>>> print(open('work.csv').read())   # CSV, C-alpha atoms and all ligand atoms
chain,number,residue,atom,x,y,z
N,111,GLY,CA,147.1,103.8,81.6
N,112,THR,CA,145.0,102.4,84.4
N,113,GLY,CA,142.4,99.8,85.0
N,114,SER,CA,139.7,99.1,87.6
N,115,ALA,CA,137.6,96.0,88.0
N,116,ALA,CA,135.2,94.5,90.5
N,117,ALA,CA,136.3,91.6,92.8
N,118,VAL,CA,133.0,89.7,93.4
N,119,PRO,CA,132.7,86.9,96.1
N,120,ILE,CA,131.8,83.6,94.3
N,121,ASN,CA,129.5,82.5,97.1
N,122,ALA,CA,126.7,84.6,98.7
N,123,ASP,CA,127.2,83.0,102.2
N,124,PHE,CA,131.0,82.9,102.6
N,125,ASP,CA,134.0,84.5,100.9
N,126,ILE,CA,135.6,81.4,99.5
N,127,ALA,CA,137.2,83.4,96.7
N,128,TYR,CA,136.6,86.5,94.5
N,129,VAL,CA,136.3,86.7,90.7
N,130,THR,CA,136.9,89.5,88.3
N,131,PRO,CA,135.6,89.8,84.7
N,132,VAL,CA,138.4,89.5,82.1
N,133,THR,CA,138.0,89.7,78.3
N,134,LEU,CA,140.2,87.6,76.1
N,135,GLY,CA,140.7,87.7,72.4
N,136,THR,CA,138.8,89.0,69.3
N,137,PRO,CA,135.8,89.1,69.4
N,138,PRO,CA,136.0,89.4,73.2
N,139,GLN,CA,135.4,86.3,75.3
N,140,THR,CA,134.6,87.3,78.9
N,141,LEU,CA,135.6,84.9,81.8
N,142,GLN,CA,135.3,85.3,85.6
N,143,LEU,CA,138.9,84.9,86.9
N,144,ASP,CA,140.3,84.7,90.4
N,145,PHE,CA,143.1,87.3,90.8
N,146,ASP,CA,145.8,85.6,92.7
N,147,SER,CA,148.8,87.4,94.2
N,148,GLY,CA,150.0,83.9,95.5
N,149,SER,CA,150.8,82.5,92.1
N,150,SER,CA,152.0,83.6,88.6
N,151,ASP,CA,150.1,81.7,85.9
N,152,LEU,CA,147.2,83.1,84.0
N,153,TRP,CA,145.2,80.0,83.2
N,154,VAL,CA,141.7,79.4,82.0
N,155,PHE,CA,139.1,76.8,81.4
N,156,SER,CA,139.4,76.2,77.6
N,157,SER,CA,138.0,74.4,74.6
N,158,HIS,CA,140.8,72.0,75.0
N,159,LEU,CA,139.3,70.5,78.2
N,160,PRO,CA,137.3,67.3,78.2
N,161,THR,CA,133.6,68.3,78.7
N,162,SER,CA,133.6,65.9,81.7
N,163,GLN,CA,135.9,68.4,83.5
N,164,ILE,CA,133.7,71.4,82.8
N,165,ARG,CA,130.7,72.1,85.1
N,166,GLY,CA,129.1,75.4,84.1
N,167,GLN,CA,132.4,77.4,83.8
N,168,GLN,CA,132.9,79.8,80.9
N,169,ILE,CA,135.7,78.7,78.5
N,170,TYR,CA,138.2,80.5,76.3
N,171,ALA,CA,138.3,79.1,72.8
N,172,PRO,CA,141.5,80.3,71.1
N,173,ASN,CA,140.4,79.0,67.7
N,174,LYS,CA,137.5,81.5,67.9
N,175,SER,CA,139.8,84.4,68.4
N,176,SER,CA,141.4,86.1,65.4
N,177,THR,CA,144.2,87.5,67.5
N,178,ALA,CA,145.1,84.2,69.3
N,179,LYS,CA,148.5,82.7,68.5
N,180,LEU,CA,149.7,79.2,69.7
N,181,LEU,CA,152.9,79.5,71.7
N,182,ASP,CA,154.3,76.4,69.8
N,183,GLY,CA,156.0,73.7,71.9
N,184,HIS,CA,155.1,75.3,75.3
N,185,SER,CA,153.1,73.7,78.1
N,186,TRP,CA,152.4,74.4,81.8
N,187,SER,CA,151.4,72.5,84.8
N,188,ILE,CA,150.7,73.9,88.3
N,189,THR,CA,149.9,72.3,91.6
N,190,TYR,CA,148.8,74.3,94.6
N,191,GLY,CA,149.4,73.5,98.2
N,192,ASP,CA,145.9,72.4,98.7
N,193,GLY,CA,146.5,69.6,96.2
N,194,SER,CA,144.5,71.2,93.4
N,195,GLY,CA,146.1,71.9,90.0
N,196,SER,CA,145.8,72.1,86.3
N,197,ARG,CA,147.9,71.8,83.1
N,198,GLY,CA,147.7,72.5,79.4
N,199,ASN,CA,149.1,74.4,76.4
N,200,VAL,CA,149.7,78.1,75.8
N,201,TYR,CA,148.4,80.8,73.5
N,202,THR,CA,149.1,84.5,73.4
N,203,ASP,CA,146.2,86.9,72.9
N,204,ASN,CA,144.8,90.3,74.0
N,205,VAL,CA,143.7,90.5,77.6
N,206,THR,CA,141.6,93.3,79.0
N,207,VAL,CA,140.9,94.0,82.7
N,208,GLY,CA,138.7,97.0,83.7
N,209,GLY,CA,139.7,99.0,80.6
N,210,LEU,CA,143.4,98.1,80.7
N,211,THR,CA,144.6,96.0,77.7
N,212,VAL,CA,147.7,93.9,77.4
N,213,GLY,CA,148.5,92.6,73.9
N,214,SER,CA,150.0,89.1,73.5
N,215,GLN,CA,149.5,88.0,77.1
N,216,ALA,CA,150.3,84.3,77.7
N,217,ILE,CA,147.0,82.6,78.2
N,218,GLU,CA,147.5,79.1,79.6
N,219,CYS,CA,144.7,76.9,78.3
N,220,ALA,CA,143.7,74.1,80.5
N,221,GLN,CA,143.7,70.6,79.0
N,222,GLN,CA,143.2,69.1,82.5
N,223,VAL,CA,142.0,70.5,85.8
N,224,SER,CA,141.7,68.8,89.2
N,225,SER,CA,138.2,67.9,90.6
N,226,SER,CA,138.2,70.9,93.0
N,227,PHE,CA,138.4,73.3,90.1
N,228,THR,CA,135.7,71.4,88.1
N,229,THR,CA,133.4,71.6,91.1
N,230,GLU,CA,134.1,75.3,91.7
N,231,ASP,CA,131.7,76.4,88.9
N,232,HIS,CA,132.1,80.2,89.5
N,233,ILE,CA,135.8,80.2,88.8
N,234,ASP,CA,136.8,80.1,85.1
N,235,GLY,CA,140.5,80.3,85.8
N,236,LEU,CA,143.2,82.4,87.6
N,237,VAL,CA,145.2,85.5,86.9
N,238,GLY,CA,148.5,85.2,88.7
N,239,LEU,CA,149.7,88.4,90.2
N,240,GLY,CA,152.8,87.0,92.0
N,241,PHE,CA,156.3,87.5,90.7
N,242,SER,CA,156.9,86.1,87.2
N,243,THR,CA,159.7,83.8,88.5
N,244,LEU,CA,156.9,81.5,89.8
N,245,ASN,CA,155.4,81.1,86.3
N,246,THR,CA,155.3,77.4,85.3
N,247,VAL,CA,155.3,77.7,81.4
N,248,SER,CA,158.1,75.6,79.8
N,249,PRO,CA,160.5,75.8,78.0
N,250,LYS,CA,160.2,79.6,78.2
N,251,SER,CA,158.4,81.0,81.3
N,252,GLN,CA,156.0,83.8,80.7
N,253,LEU,CA,155.2,87.2,82.3
N,254,THR,CA,152.2,87.9,84.4
N,255,PHE,CA,149.4,90.3,83.3
N,256,PHE,CA,150.8,92.9,85.8
N,257,ASP,CA,154.4,92.6,84.6
N,258,ASN,CA,153.3,92.9,81.0
N,259,ALA,CA,151.1,95.9,81.8
N,260,LYS,CA,153.6,97.6,84.1
N,261,SER,CA,155.4,99.8,81.6
N,262,ASN,CA,152.0,101.2,80.4
N,263,LEU,CA,150.7,101.9,83.9
N,264,ASP,CA,150.7,105.5,85.2
N,265,SER,CA,152.3,103.9,88.3
N,266,PRO,CA,153.7,100.3,88.6
N,267,VAL,CA,151.2,99.3,91.2
N,268,PHE,CA,148.0,97.4,91.7
N,269,THR,CA,145.7,97.6,94.7
N,270,ALA,CA,143.3,95.2,96.4
N,271,ASP,CA,140.2,96.4,98.1
N,272,LEU,CA,138.5,93.1,99.0
N,273,LYS,CA,135.3,93.2,101.1
N,274,TYR,CA,133.3,91.0,103.4
N,275,LYS,CA,130.4,89.4,101.6
N,276,GLN,CA,130.3,92.2,99.0
N,277,ALA,CA,132.1,93.2,95.9
N,278,GLY,CA,135.4,95.1,96.2
N,279,THR,CA,137.9,96.2,93.5
N,280,TYR,CA,141.3,95.6,92.0
N,281,ASP,CA,142.8,98.8,90.6
N,282,PHE,CA,145.9,98.9,88.3
N,283,GLY,CA,148.2,101.8,87.8
N,284,PHE,CA,146.9,104.2,90.5
N,285,ILE,CA,146.1,104.5,94.1
N,286,ASP,CA,142.5,105.6,94.8
N,287,GLU,CA,142.5,107.9,97.8
N,288,ALA,CA,138.8,107.4,98.2
N,289,LYS,CA,139.3,103.7,99.1
N,290,TYR,CA,141.3,104.2,102.3
N,291,THR,CA,141.6,106.4,105.4
N,292,GLY,CA,144.7,107.7,107.2
N,293,GLU,CA,148.2,106.9,105.9
N,294,ILE,CA,149.4,103.9,103.9
N,295,THR,CA,152.2,102.1,105.8
N,296,TYR,CA,154.7,100.6,103.3
N,297,VAL,CA,157.1,97.8,104.2
N,298,PRO,CA,159.8,96.1,102.1
N,299,VAL,CA,158.9,93.0,100.0
N,300,ASN,CA,161.3,90.0,99.6
N,301,SER,CA,160.3,88.8,96.1
N,302,ASP,CA,163.0,86.0,96.0
N,303,PRO,CA,160.4,83.3,96.9
N,304,GLY,CA,158.2,84.7,94.1
N,305,TYR,CA,155.5,85.8,96.5
N,306,TRP,CA,154.7,89.2,98.0
N,307,THR,CA,156.5,88.4,101.2
N,308,PHE,CA,156.5,91.1,103.8
N,309,PRO,CA,157.2,91.5,107.6
N,310,SER,CA,154.4,91.8,110.1
N,311,SER,CA,155.3,93.5,113.4
N,312,GLY,CA,153.1,91.4,115.7
N,313,TYR,CA,149.5,90.6,116.8
N,314,ALA,CA,146.9,90.9,119.5
N,315,VAL,CA,143.9,88.6,120.3
N,316,GLY,CA,140.7,90.5,121.1
N,317,SER,CA,141.3,93.4,123.5
N,318,GLY,CA,144.5,91.7,124.8
N,319,ASN,CA,148.0,93.2,124.8
N,320,PHE,CA,149.8,93.6,121.5
N,321,THR,CA,152.7,91.1,121.2
N,322,ALA,CA,155.5,92.5,119.2
N,323,SER,CA,157.1,89.8,117.0
N,324,SER,CA,158.4,89.9,113.4
N,325,ILE,CA,156.3,87.5,111.3
N,326,SER,CA,157.3,86.9,107.7
N,327,GLY,CA,154.3,86.1,105.5
N,328,ILE,CA,152.8,86.5,102.1
N,329,ALA,CA,149.9,88.7,100.9
N,330,ASP,CA,147.9,86.2,99.0
N,331,THR,CA,144.6,87.2,97.4
N,332,GLY,CA,144.2,83.6,96.0
N,333,THR,CA,144.0,82.0,99.5
N,334,SER,CA,140.8,82.3,101.5
N,335,LEU,CA,142.2,82.0,105.0
N,336,VAL,CA,145.0,83.3,107.3
N,337,TYR,CA,147.7,80.8,108.2
N,338,LEU,CA,150.0,81.8,111.0
N,339,PRO,CA,152.5,80.1,113.5
N,340,THR,CA,150.9,77.7,115.9
N,341,ALA,CA,151.7,79.7,119.0
N,342,ILE,CA,149.7,82.6,117.7
N,343,VAL,CA,146.8,80.4,116.6
N,344,THR,CA,146.5,78.5,119.9
N,345,ALA,CA,146.6,81.9,121.7
N,346,TYR,CA,143.6,82.9,119.6
N,347,TYR,CA,141.5,79.8,120.0
N,348,ARG,CA,142.2,79.7,123.8
N,349,GLN,CA,139.7,82.6,123.8
N,350,VAL,CA,137.0,80.6,121.9
N,351,GLN,CA,134.6,78.4,123.9
N,352,GLY,CA,134.5,74.9,122.6
N,353,ALA,CA,137.3,75.4,120.0
N,354,THR,CA,139.3,72.3,119.0
N,355,ASN,CA,141.9,71.6,116.5
N,356,SER,CA,140.1,68.9,114.5
N,357,ARG,CA,142.1,66.3,112.6
N,358,SER,CA,139.0,65.2,110.7
N,359,TYR,CA,138.1,68.7,109.5
N,360,GLY,CA,141.8,69.6,109.1
N,361,GLY,CA,141.9,72.7,111.3
N,362,TYR,CA,140.4,74.7,114.2
N,363,VAL,CA,136.7,74.4,114.5
N,364,PHE,CA,134.2,75.7,117.1
N,365,PRO,CA,130.5,75.9,117.8
N,366,CYS,CA,129.0,78.3,115.3
N,367,ALA,CA,127.3,80.1,118.2
N,368,SER,CA,130.6,80.8,120.0
N,369,THR,CA,131.6,84.4,120.4
N,370,LEU,CA,134.9,85.0,118.6
N,371,PRO,CA,137.5,87.6,119.5
N,372,THR,CA,138.9,90.0,116.9
N,373,PHE,CA,142.4,89.5,115.7
N,374,THR,CA,144.8,92.5,115.3
N,375,PHE,CA,148.0,92.3,113.2
N,376,GLY,CA,150.7,94.9,112.9
N,377,VAL,CA,152.4,96.3,109.8
N,378,GLY,CA,155.2,98.6,111.0
N,379,ALA,CA,153.6,100.9,113.5
N,380,ALA,CA,150.1,100.4,112.0
N,381,ARG,CA,147.6,98.1,113.4
N,382,PHE,CA,144.8,96.3,111.5
N,383,THR,CA,141.9,94.5,113.3
N,384,ILE,CA,140.1,91.6,111.6
N,385,PRO,CA,136.5,91.7,112.8
N,386,ALA,CA,135.2,88.5,114.6
N,387,ALA,CA,132.7,87.9,111.8
N,388,TYR,CA,135.5,87.5,109.2
N,389,LEU,CA,137.1,84.8,111.5
N,390,ASN,CA,134.0,82.6,111.4
N,391,TYR,CA,134.7,81.3,108.0
N,392,ALA,CA,131.9,78.8,107.4
N,393,PRO,CA,130.0,75.8,108.7
N,394,VAL,CA,132.1,72.7,108.2
N,395,THR,CA,129.2,71.3,106.1
N,396,PRO,CA,126.1,73.3,105.0
N,397,GLY,CA,123.8,73.8,108.0
N,398,SER,CA,126.3,72.3,110.5
N,399,ALA,CA,126.5,73.9,114.0
N,400,THR,CA,130.2,73.4,113.8
N,401,CYS,CA,132.1,76.2,112.1
N,402,PHE,CA,135.6,76.4,110.6
N,403,GLY,CA,138.0,79.2,111.6
N,404,GLY,CA,139.3,81.8,109.3
N,405,LEU,CA,142.6,81.7,111.2
N,406,GLN,CA,144.5,78.4,110.9
N,407,SER,CA,148.0,77.1,111.7
N,408,SER,CA,150.7,77.4,109.1
N,409,SER,CA,152.7,74.5,110.5
N,410,GLY,CA,151.5,72.2,107.6
N,411,VAL,CA,151.9,75.0,105.0
N,412,GLY,CA,155.6,76.0,105.4
N,413,ILE,CA,154.9,79.7,105.1
N,414,ASN,CA,152.6,82.2,106.8
N,415,ILE,CA,149.8,83.4,104.5
N,416,TRP,CA,147.7,86.6,104.9
N,417,GLY,CA,144.8,85.4,102.8
N,418,ASP,CA,141.5,87.1,102.0
N,419,VAL,CA,140.3,87.0,105.6
N,420,ALA,CA,143.1,89.5,106.5
N,421,LEU,CA,143.3,91.4,103.2
N,422,LYS,CA,139.6,92.4,103.4
N,423,ALA,CA,140.3,94.2,106.7
N,424,ALA,CA,142.6,96.7,104.8
N,425,PHE,CA,143.4,98.5,101.6
N,426,VAL,CA,146.5,96.9,100.2
N,427,VAL,CA,149.0,98.4,97.6
N,428,PHE,CA,151.1,96.0,95.8
N,429,ASN,CA,154.0,98.2,94.6
N,430,GLY,CA,155.8,96.6,91.7
N,431,GLY,CA,158.5,99.3,91.6
N,432,ASN,CA,162.2,98.7,92.1
N,433,PRO,CA,162.5,97.6,94.9
N,434,PRO,CA,159.0,96.2,95.4
N,435,THR,CA,157.1,97.2,98.5
N,436,ILE,CA,153.7,96.6,99.9
N,437,GLY,CA,151.4,99.2,101.6
N,438,TRP,CA,148.6,98.7,104.1
N,439,ALA,CA,146.0,101.2,105.0
N,440,ALA,CA,142.8,101.2,107.0
N,441,LYS,CA,139.4,101.7,105.2
T,501,LIG,C1,144.9,77.0,99.6
T,501,LIG,C2,145.5,77.7,98.4
T,501,LIG,N1,146.8,78.2,98.8
T,501,LIG,C3,147.9,77.5,98.6
T,501,LIG,O1,147.9,76.3,98.2
T,501,LIG,C4,149.2,78.1,99.0
T,501,LIG,C5,150.2,77.5,99.8
T,501,LIG,C6,150.1,76.2,100.6
T,501,LIG,C7,151.2,75.4,100.6
T,501,LIG,C8,151.0,74.2,101.3
T,501,LIG,C9,149.8,73.8,101.9
T,501,LIG,C10,148.7,74.7,101.9
T,501,LIG,C11,148.8,75.9,101.2
T,501,LIG,C12,151.3,78.3,99.9
T,501,LIG,S1,151.2,79.7,99.0
T,501,LIG,C13,149.6,79.3,98.5
T,501,LIG,N2,148.9,80.2,97.7
T,501,LIG,C14,148.4,79.8,96.5
T,501,LIG,O2,148.6,78.8,96.0
T,501,LIG,C15,147.6,80.9,95.8
T,501,LIG,N3,146.9,80.3,94.8
T,501,LIG,C16,145.7,79.5,95.2
T,501,LIG,C17,145.0,79.0,94.0
T,501,LIG,C18,143.9,78.1,94.4
T,501,LIG,C19,144.1,76.8,94.8
T,501,LIG,N4,142.9,76.2,95.0
T,501,LIG,C20,141.9,77.1,94.8
T,501,LIG,C21,140.5,77.0,94.9
T,501,LIG,C22,139.7,78.1,94.6
T,501,LIG,C23,140.3,79.3,94.2
T,501,LIG,C24,141.7,79.4,94.1
T,501,LIG,C25,142.5,78.3,94.4
>>> encode(input="work.csv", output="structure tokens")
Amino acid sequence: GTGSAAAVPINADFDIAYVTPVTLGTPPQTLQLDFDSGSSDLWVFSSHLPTSQIRGQQIYAPNKSSTAKLLDGHSWSITYGDGSGSRGNVYTDNVTVGGLTVGSQAIECAQQVSSSFTTEDHIDGLVGLGFSTLNTVSPKSQLTFFDNAKSNLDSPVFTADLKYKQAGTYDFGFIDEAKYTGEITYVPVNSDPGYWTFPSSGYAVGSGNFTASSISGIADTGTSLVYLPTAIVTAYYRQVQGATNSRSYGGYVFPCASTLPTFTFGVGAARFTIPAAYLNYAPVTPGSATCFGGLQSSSGVGINIWGDVALKAAFVVFNGGNPPTIGWAAK
């Protein structure tokens, strides 16, 4: 089988995150979930949440689904690097994404979410697409939607075609040749950390020379920005008038009117250029003349992250075969 569903930016002005419609249970309950290759829990706003923690989100009510089953004695709790998190209990139920159905998928129902999820009213939960070793359900960890679907897929892959300020797609089980140009460059994935970790071959700032250097990083659809080693990031912002690394704003900021260079990264012999517009992430506060960069240092993160700002400059194939690989193509 295959599936195909839209990845819609949650904000009209900046690509903070993308959500995809997912139907849960019987009769179908449709939620807008953030597909996240940087984590491995499928969790949702649920009827178990205090109403004080819900601000307009859709919720999944397992007791309204005839096919929901409590996973007795199991719980989950997740904290992300930005300090946000959630926790709760677990049901299994049917989950459908773009025509692809998984029966008895673990659905982690939130009983508590952090304030940043409460205030993000366009995100009703996450669908983890990382490796199932990262799943937080205890005492028995659960498989991701992709891992459960894999044996029924025409090919054990999913692809991300994220776009700048417009809807893209997530495809499951097939590679749509109409979504990319030229060849797909595949590189090995180290799944030991549980992420889609792959080697990049180097970078260039604007029209400058390409610097060959092997950079290990993760392909993370659930993180908005790109986090790279400080040496690379300072080389980039040296080319931006008025850029500073702001302690108060927690990263590199610059005058919104500044001209930004592009940023090119390598995957094997292939080169992908992130347009300047993608690298002007957003004003630090609505209407401010100071803007926050889409490229930030990974020194406080611990790993390099190729988030949405980079992913939307390419067509990306997450190949869950044995061994796993990741493919990058121009579009
Ligand atoms: C900023 C979100 N990303 C992270 O925290 C993260 C880190 C990380 C670790 C330490 C410090 C900063 C980041 C490593 S891998 C990684 N990736 C993920 O954790 C992927 N899942 C993010 C889910 C997520 C967290 N806060 C949100 C707010 C809106 C939509 C999605 C989210």
>>> closest_residue(input="work.csv", among="N:Gly283, N:Gly437, N:Gly213, N:Gly195", to="N:Thr246", atoms="only C-alpha atoms")
N:Gly195
>>> closest_atom_pairs(input="work.csv", of="chain N", to="ligand LIG 501 (chain T)", cutoff="6 Å", atoms="all atoms listed in the file", output="JSON lines")
{"residue": "N:Ala127", "atom": "CA", "partner": "T:LIG501", "partner_atom": "C23", "distance": 5.7}
{"residue": "N:Asp146", "atom": "CA", "partner": "T:LIG501", "partner_atom": "N3", "distance": 5.8}
{"residue": "N:Gly148", "atom": "CA", "partner": "T:LIG501", "partner_atom": "C15", "distance": 3.9}
{"residue": "N:Ser149", "atom": "CA", "partner": "T:LIG501", "partner_atom": "C15", "distance": 5.1}
{"residue": "N:Tyr190", "atom": "CA", "partner": "T:LIG501", "partner_atom": "O1", "distance": 4.2}
{"residue": "N:Gly191", "atom": "CA", "partner": "T:LIG501", "partner_atom": "O1", "distance": 3.2}
{"residue": "N:Asp192", "atom": "CA", "partner": "T:LIG501", "partner_atom": "O1", "distance": 4.4}
{"residue": "N:Ser194", "atom": "CA", "partner": "T:LIG501", "partner_atom": "N4", "distance": 5.5}
{"residue": "N:Gly332", "atom": "CA", "partner": "T:LIG501", "partner_atom": "C15", "distance": 4.3}
{"residue": "N:Thr333", "atom": "CA", "partner": "T:LIG501", "partner_atom": "C2", "distance": 4.7}
{"residue": "N:Val411", "atom": "CA", "partner": "T:LIG501", "partner_atom": "C8", "distance": 3.9}
>>> residues_around(input="work.csv", residues="N:Ile384", least_positions_apart="4", cutoff="10 Å", atoms="all atoms listed in the file", output="ChimeraX atom specification")
/N:315-316,371-375,388-389,419-424
>>> closest_residue(input="work.csv", among="N:Gln349, N:Thr161, N:Gln167, N:Asn173", to="N:Gln142", atoms="only C-alpha atoms")
N:Gln167
>>> residues_near_point(input="work.csv", point="(153.9, 101.8, 95.1)", cutoff="12 Å", atoms="all atoms listed in the file", output="ChimeraX atom specification")
/N:260,263-269,282-285,294-299,426-438
>>> closest_residue(input="work.csv", among="N:Ala220, N:Leu181, N:Val205, N:Leu141", to="N:Pro249", atoms="only C-alpha atoms")
N:Leu181
>>> atom_distance(input="work.csv", atom1="atom CA of N:Glu293", atom2="atom CA of N:Trp416")
20.3 Å
>>> residues_around(input="work.csv", residues="N:Val223", least_positions_apart="5", cutoff="10 Å", atoms="all atoms listed in the file", output="list in words")
Val154, Phe155, Leu159, Pro160, Gln163, Ile164, Ser187, Ile188, Thr189, Ser194, Gly195, Ser196, Arg197, Gly198, Thr228 and Gly235 of chain N
>>> closest_residue(input="work.csv", among="N:Val129, N:Pro396, N:Tyr337, N:Thr206", to="N:Cys366", atoms="all atoms listed in the file")
N:Pro396
>>> residues_around(input="work.csv", residues="N:Leu405", least_positions_apart="3", cutoff="12 Å", atoms="all atoms listed in the file", output="number ranges by chain")
N: 315, 333-340, 342-347, 355, 361-364, 370-374, 384-392, 401-402, 408, 414-420
>>> atom_distance(input="work.csv", atom1="atom CA of N:Lys441", atom2="atom CA of N:Ala115")
18.2 Å
>>> closest_residue(input="work.csv", among="N:Phe256, N:Tyr290, N:Trp306, N:Phe145", to="N:Leu210", atoms="only C-alpha atoms")
N:Phe256
>>> atom_distance(input="work.csv", atom1="atom CA of N:Ile325", atom2="atom CA of N:Phe382")
14.5 Å
>>> closest_residue(input="work.csv", among="N:Thr395, N:Ser407, N:Gln276, N:Asn199", to="N:Val247", atoms="all atoms listed in the file")
N:Asn199
>>> residues_around(input="work.csv", residues="stretch 150-153 of chain N", least_positions_apart="4", cutoff="7 Å", atoms="all atoms listed in the file", output="ChimeraX atom specification")
/N:217-220,235-242,244-246,254
>>> decode(input="work.csv", residues="stretch 379-395 of chain N", atoms="N, CA, C and O atoms", output="short mmCIF file (atom, residue, chain, number, x, y, z; two decimals), in the first residue's frame")
data_model
loop_
_atom_site.label_atom_id
_atom_site.label_comp_id
_atom_site.auth_asym_id
_atom_site.auth_seq_id
_atom_site.Cartn_x
_atom_site.Cartn_y
_atom_site.Cartn_z
N ALA N 379 28.25 14.15 -3.43
CA ALA N 379 28.70 15.09 -4.47
C ALA N 379 27.62 16.12 -4.80
O ALA N 379 27.87 17.07 -5.55
N ALA N 380 26.42 15.93 -4.24
CA ALA N 380 25.30 16.85 -4.55
C ALA N 380 25.40 18.10 -3.68
O ALA N 380 26.01 18.11 -2.61
N ARG N 381 24.80 19.18 -4.20
CA ARG N 381 24.83 20.45 -3.48
C ARG N 381 23.39 20.99 -3.40
O ARG N 381 22.69 20.96 -4.42
N PHE N 382 22.99 21.50 -2.24
CA PHE N 382 21.64 22.04 -2.05
C PHE N 382 21.78 23.45 -1.48
O PHE N 382 22.46 23.64 -0.47
N THR N 383 21.12 24.38 -2.14
CA THR N 383 21.23 25.78 -1.72
C THR N 383 19.93 26.23 -1.07
O THR N 383 18.86 26.15 -1.69
N ILE N 384 20.04 26.69 0.18
CA ILE N 384 18.89 27.24 0.89
C ILE N 384 18.78 28.71 0.52
O ILE N 384 19.71 29.48 0.74
N PRO N 385 17.66 29.11 -0.08
CA PRO N 385 17.49 30.52 -0.47
C PRO N 385 17.55 31.44 0.75
O PRO N 385 17.16 31.05 1.85
N ALA N 386 18.00 32.67 0.53
CA ALA N 386 18.12 33.64 1.63
C ALA N 386 16.80 33.80 2.38
O ALA N 386 16.79 33.87 3.62
N ALA N 387 15.70 33.80 1.65
CA ALA N 387 14.39 34.05 2.31
C ALA N 387 14.11 33.01 3.39
O ALA N 387 13.56 33.34 4.44
N TYR N 388 14.55 31.76 3.15
CA TYR N 388 14.28 30.69 4.13
C TYR N 388 15.10 30.96 5.40
O TYR N 388 14.77 30.48 6.47
N LEU N 389 16.21 31.71 5.26
CA LEU N 389 17.13 31.92 6.38
C LEU N 389 16.77 33.15 7.21
O LEU N 389 17.38 33.39 8.26
N ASN N 390 15.77 33.89 6.74
CA ASN N 390 15.20 34.95 7.58
C ASN N 390 13.96 34.34 8.21
O ASN N 390 12.87 34.34 7.63
N TYR N 391 14.15 33.78 9.43
CA TYR N 391 13.07 32.95 9.96
C TYR N 391 11.84 33.76 10.35
O TYR N 391 10.73 33.45 9.91
N ALA N 392 12.03 34.78 11.19
CA ALA N 392 10.87 35.57 11.64
C ALA N 392 11.34 36.75 12.48
O ALA N 392 12.43 36.70 13.06
N PRO N 393 10.52 37.80 12.57
CA PRO N 393 10.83 38.88 13.52
C PRO N 393 10.85 38.32 14.94
O PRO N 393 10.09 37.39 15.25
N VAL N 394 11.74 38.83 15.78
CA VAL N 394 11.87 38.26 17.14
C VAL N 394 10.57 38.41 17.93
O VAL N 394 10.23 37.55 18.75
N THR N 395 9.85 39.51 17.66
CA THR N 395 8.47 39.65 18.19
C THR N 395 7.65 40.27 17.05
O THR N 395 8.22 40.95 16.19
#
